[in-house]
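In what follows, a structure is listed as structure tokens, so that the remarks can point back to it.
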Amino acid sequence: MPNTPLQDKVYLTYLDWFQEAEKDRRWKVHSDIPWEKTTKGNVPEELVSIVETFTGIELILPDYISELLHFYRKCRGSSWFIANWGYEESKHSLALDKWLIDSGSRTDDQLAAYQDQVFHKQYQTHCKSPRQAVVYTMVQELATCISYVKLEKQVKEYEDAALSKLLYFIFRDEMAHYKFNLEVVKIHLEEDREGTIKQLIYEVQNFKMPSTDIIPEWKKRDQIIQSHDVMNQEVFVESIFLPILKALDISKKEWKRFSRELKAALEITSV
Ligand SMILES: [Fe+2]
Ligand SMILES: [Fe+2]
């Protein structure tokens, strides 16, 4: 079966994105981070625990890849993106793990026990279509990027050059992941503006990170994340929701109108 025009556009978007990734964004876990500048005991335990939480989130990788590839199998642009995305995400957990061990913040056994707990639960996406998956992933990647940006700001004063550098590499990757998904959402908007905006409204109003159900002691960990302004409601509105509306050129008037319609439609279907 020939590709649809949407699949062709996604593939062209991927080619541009991949070329830029190869040219400007490749980094190596073992040789591009100044590991010799890792500090021991400088970074406070609460920030260390956020690093540990984030390495747990990065471990959801196998579940995430298998769930997303199921949607995108027939769309080469999206499938190839997931393959490349998986490679990049795999480096994030390797780098975070290495820092936790090298800094003496966690032992091999402690990290193995934590990872075992994370792997114990399997992540299942709530998404039911490729469009829903790309809209959700766009929001989630920007939320992830902003969380790393905020964490990098918080750790700066403790002068751990290795941690700062690896957080920089990670948030730069996460921003690129957001941008690919953003471009694909724009393609969906061209095809079905109303349907795509309603999907976005649903995903924003019901948004939660995959980690909520997977990471052990999530409530306690989330409180620490929120108290350090790494992610909370205010950060979500200012740094995720409003920038996405702007990037997609969706007016507040349009958002309100479709929100009302979506609410009414969901009320009818739930009767
Ligand atoms: Fe990541
Ligand atoms: Fe990412």
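By convention in this document, the chains of the structure tokens carry letters A, B, ... by their order, each chain's residues are numbered from 1, and ligands are numbered from 1 in the order they are shown.
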Q.
Just want the residues within 10 Å of ligand 1, written as a list of chain:residue names, counting only C-alpha atoms and all ligand atoms.
A. A:Phe54, A:Thr55, A:Ile57, A:Glu58, A:Leu59, A:Ile60, A:Leu61, A:Trp85, A:Gly86, A:Tyr87, A:Glu88, A:Glu89, A:Ser90, A:Lys91, A:His92, A:Ser93, A:Glu141, A:Thr144, A:Cys145, A:Tyr148, A:Leu167, A:Phe169, A:Ile170, A:Phe171, A:Arg172, A:Asp173, A:Glu174, A:Met175, A:His177
Give me the residues near A:Ala112 as a ChimeraX atom specification, where near means some atom within 12 Å (using only C-alpha atoms) and where sequence neighbours in that chain fewer than 4 positions away do not count. /A:52,55-56,59,97,100-101,106-108,116-119
Can you spit out the residues from that selection as a PDB file, in the first residue's frame, using C-alpha atoms?
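Final output, again_30.pdb:
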ATOM      1  CA  GLU A  52      17.756   8.982  40.827  1.00  0.00           C
ATOM      2  CA  THR A  55      17.187   7.709  35.840  1.00  0.00           C
ATOM      3  CA  GLY A  56      14.151   5.595  36.792  1.00  0.00           C
ATOM      4  CA  LEU A  59      14.333   3.146  32.355  1.00  0.00           C
ATOM      5  CA  ASP A  97      23.613   5.985  36.547  1.00  0.00           C
ATOM      6  CA  LEU A 100      25.140   8.379  40.842  1.00  0.00           C
ATOM      7  CA  ILE A 101      27.835   5.710  41.266  1.00  0.00           C
ATOM      8  CA  ARG A 106      24.511   5.413  45.424  1.00  0.00           C
ATOM      9  CA  THR A 107      26.193   2.004  45.501  1.00  0.00           C
ATOM     10  CA  ASP A 108      25.872  -0.520  42.672  1.00  0.00           C
ATOM     11  CA  ASP A 116      14.653  -3.819  39.756  1.00  0.00           C
ATOM     12  CA  GLN A 117      11.644  -2.092  41.359  1.00  0.00           C
ATOM     13  CA  VAL A 118      11.179   0.132  38.286  1.00  0.00           C
ATOM     14  CA  PHE A 119      11.308  -2.850  35.893  1.00  0.00           C
TER      15      PHE A 119
END
Spatial neighbours of stretch 16-27 of chain A, max dist 10 Å, only C-alpha atoms, sep filter under 2 positions, as a PyMOL selection string:
chain A and resi 11-14+29-33+80-81+84+88+91+166+169-170+172-173+176-177+179-180+183
* Contacts of stretch 246-256 of chain A at 8 Å (only C-alpha atoms; same-chain gap of 4+ positions) as a PyMOL selection string -> chain A and resi 182+186+197+201+242+260
Dump as a PDB file, in the first residue's frame, selection limited to N, CA and C atoms:
ATOM      1  N   LEU A 182       6.595  18.067  17.732  1.00  0.00           N
ATOM      2  CA  LEU A 182       5.880  19.314  17.426  1.00  0.00           C
ATOM      3  C   LEU A 182       5.638  19.433  15.917  1.00  0.00           C
ATOM      4  N   LYS A 186       2.090  19.522  13.856  1.00  0.00           N
ATOM      5  CA  LYS A 186       1.724  20.569  12.881  1.00  0.00           C
ATOM      6  C   LYS A 186       1.157  19.930  11.609  1.00  0.00           C
ATOM      7  N   ILE A 197      -6.621  19.736  17.692  1.00  0.00           N
ATOM      8  CA  ILE A 197      -6.665  20.644  18.852  1.00  0.00           C
ATOM      9  C   ILE A 197      -7.454  19.983  19.995  1.00  0.00           C
ATOM     10  N   ILE A 201      -6.182  19.300  23.733  1.00  0.00           N
ATOM     11  CA  ILE A 201      -6.904  19.747  24.941  1.00  0.00           C
ATOM     12  C   ILE A 201      -7.054  18.565  25.903  1.00  0.00           C
ATOM     13  N   LEU A 242       1.735  27.114  27.598  1.00  0.00           N
ATOM     14  CA  LEU A 242       1.697  28.354  26.804  1.00  0.00           C
ATOM     15  C   LEU A 242       2.677  28.318  25.619  1.00  0.00           C
ATOM     16  N   ARG A 260     -14.905  23.791  25.194  1.00  0.00           N
ATOM     17  CA  ARG A 260     -16.346  23.680  25.501  1.00  0.00           C
ATOM     18  C   ARG A 260     -16.964  22.536  24.714  1.00  0.00           C
TER      19      ARG A 260
END
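Among the candidate residues A:Leu68, A:Met209, A:Ala162, A:Leu142, the one lying nearest to ligand 2 is A:Leu142, with distances computed using only C-alpha atoms and all ligand atoms.
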Exercise. Which polymer residues have any atom within 8 Å of an atom of A:Gly41, counting only C-alpha atoms, with same-chain residues fewer than 6 positions away left out, as a list in words?
Worked result: Ser103, Gly104 and Ser105 of chain A
One residue among A:Asp8, A:Leu163, A:Gln154, A:Val51 is nearest to A:Pro34 when using only C-alpha atoms, and that residue is A:Leu163
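For the residues A:Val139, A:Lys263, A:Thr53, A:Asp192, ranking by smallest atom-to-atom distance to ligand 2 using only C-alpha atoms and all ligand atoms places A:Val139 first.
Of the listed residues (A:Tyr202, A:Glu190, A:Ile146, A:His228), A:Ile146 comes nearest to ligand 2; the distances count only C-alpha atoms and all ligand atoms.
When only C-alpha atoms and all ligand atoms are used to measure the gap to ligand 2, the shortest distance among A:Thr137, A:Gln115, A:Ser79, A:Gln7 belongs to A:Thr137.
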(Q) Quick check for you: according to DSSP on this backbone, which residues of stretch 84-222 of chain A are classed as alpha helix (DSSP H)? Reply as a PyMOL selection string. (A) chain A and resi 84-102+108-120+130-155+161-191+193-205+218-222
Based on the selection just made, write C-alpha atoms of those residues as a short mmCIF file (atom, residue, chain, number, x, y, z; two decimals), in the first residue's frame.
data_model
loop_
_atom_site.label_atom_id
_atom_site.label_comp_id
_atom_site.auth_asym_id
_atom_site.auth_seq_id
_atom_site.Cartn_x
_atom_site.Cartn_y
_atom_site.Cartn_z
CA ASN A 84 16.92 6.92 16.93
CA TRP A 85 15.03 8.27 19.95
CA GLY A 86 15.61 4.98 21.77
CA TYR A 87 19.36 5.22 21.18
CA GLU A 88 19.43 8.75 22.58
CA GLU A 89 17.25 7.94 25.59
CA SER A 90 19.37 4.87 26.39
CA LYS A 91 22.38 7.16 26.85
CA HIS A 92 20.47 9.31 29.34
CA SER A 93 20.04 6.51 31.87
CA LEU A 94 23.65 5.33 31.36
CA ALA A 95 25.01 8.81 32.08
CA LEU A 96 22.76 9.42 35.10
CA ASP A 97 23.61 5.98 36.55
CA LYS A 98 27.33 6.58 36.11
CA TRP A 99 27.12 9.89 37.93
CA LEU A 100 25.14 8.38 40.84
CA ILE A 101 27.84 5.71 41.27
CA ASP A 102 30.94 7.83 40.57
CA ASP A 108 25.87 -0.52 42.67
CA ASP A 109 23.58 -2.61 44.89
CA GLN A 110 21.31 0.33 45.78
CA LEU A 111 20.94 1.29 42.13
CA ALA A 112 20.32 -2.31 41.07
CA ALA A 113 17.58 -2.68 43.72
CA TYR A 114 15.92 0.57 42.59
CA GLN A 115 16.10 -0.43 38.92
CA ASP A 116 14.65 -3.82 39.76
CA GLN A 117 11.64 -2.09 41.36
CA VAL A 118 11.18 0.13 38.29
CA PHE A 119 11.31 -2.85 35.89
CA HIS A 120 8.82 -4.73 38.05
CA PRO A 130 -0.87 7.47 16.24
CA ARG A 131 -2.16 11.05 16.47
CA GLN A 132 -2.96 10.76 20.15
CA ALA A 133 0.48 9.20 20.76
CA VAL A 134 2.35 12.02 19.00
CA VAL A 135 0.31 14.74 20.75
CA TYR A 136 0.91 13.17 24.18
CA THR A 137 4.60 12.56 23.46
CA MET A 138 5.07 16.17 22.35
CA VAL A 139 3.76 17.43 25.72
CA GLN A 140 5.71 14.79 27.65
CA GLU A 141 9.03 15.51 25.89
CA LEU A 142 8.77 19.24 26.58
CA ALA A 143 7.86 18.51 30.22
CA THR A 144 10.90 16.23 30.45
CA CYS A 145 13.17 18.83 28.82
CA ILE A 146 12.02 21.61 31.16
CA SER A 147 12.50 19.33 34.20
CA TYR A 148 16.13 18.74 33.22
CA VAL A 149 16.67 22.44 32.51
CA LYS A 150 15.35 23.33 35.98
CA LEU A 151 17.40 20.59 37.65
CA GLU A 152 20.55 21.78 35.88
CA LYS A 153 19.92 25.29 37.27
CA GLN A 154 19.46 23.89 40.78
CA VAL A 155 22.71 21.89 40.76
CA ALA A 161 30.96 19.92 36.16
CA ALA A 162 30.19 16.30 35.21
CA LEU A 163 26.59 16.49 36.42
CA SER A 164 26.03 19.91 34.84
CA LYS A 165 27.40 18.74 31.49
CA LEU A 166 25.40 15.53 31.37
CA LEU A 167 22.18 17.38 32.30
CA TYR A 168 22.92 19.85 29.50
CA PHE A 169 23.35 17.02 26.95
CA ILE A 170 20.12 15.42 28.14
CA PHE A 171 17.94 18.53 28.02
CA ARG A 172 19.30 19.37 24.58
CA ASP A 173 18.23 15.89 23.38
CA GLU A 174 14.82 16.22 25.06
CA MET A 175 14.26 19.58 23.34
CA ALA A 176 15.05 17.95 19.99
CA HIS A 177 12.59 15.12 20.75
CA TYR A 178 9.92 17.71 21.54
CA LYS A 179 10.64 19.57 18.30
CA PHE A 180 10.26 16.47 16.10
CA ASN A 181 6.91 15.66 17.72
CA LEU A 182 5.88 19.31 17.43
CA GLU A 183 6.54 19.26 13.66
CA VAL A 184 4.49 16.06 13.30
CA VAL A 185 1.62 17.59 15.30
CA LYS A 186 1.72 20.57 12.88
CA ILE A 187 1.25 18.10 10.01
CA HIS A 188 -1.77 16.62 11.81
CA LEU A 189 -3.13 20.14 12.35
CA GLU A 190 -2.96 20.81 8.60
CA GLU A 191 -4.93 17.64 8.00
CA ARG A 193 -7.19 21.19 12.82
CA GLU A 194 -10.27 20.75 14.99
CA GLY A 195 -9.62 17.06 15.77
CA THR A 196 -5.96 17.67 16.58
CA ILE A 197 -6.66 20.64 18.85
CA LYS A 198 -9.32 18.65 20.71
CA GLN A 199 -6.81 15.84 21.14
CA LEU A 200 -4.30 18.33 22.54
CA ILE A 201 -6.90 19.75 24.94
CA TYR A 202 -7.64 16.24 26.20
CA GLU A 203 -3.94 15.39 26.66
CA VAL A 204 -3.15 18.66 28.46
CA GLN A 205 -6.18 18.42 30.76
CA TRP A 218 6.41 8.37 43.51
CA LYS A 219 4.42 10.67 45.86
CA LYS A 220 7.44 11.37 48.03
CA ARG A 221 9.69 11.83 44.99
CA ASP A 222 7.16 14.10 43.29
#
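Of the listed residues (A:Glu217, A:Tyr64, A:Gln233, A:Arg73), A:Tyr64 comes nearest to ligand 2; the distances count only C-alpha atoms and all ligand atoms.
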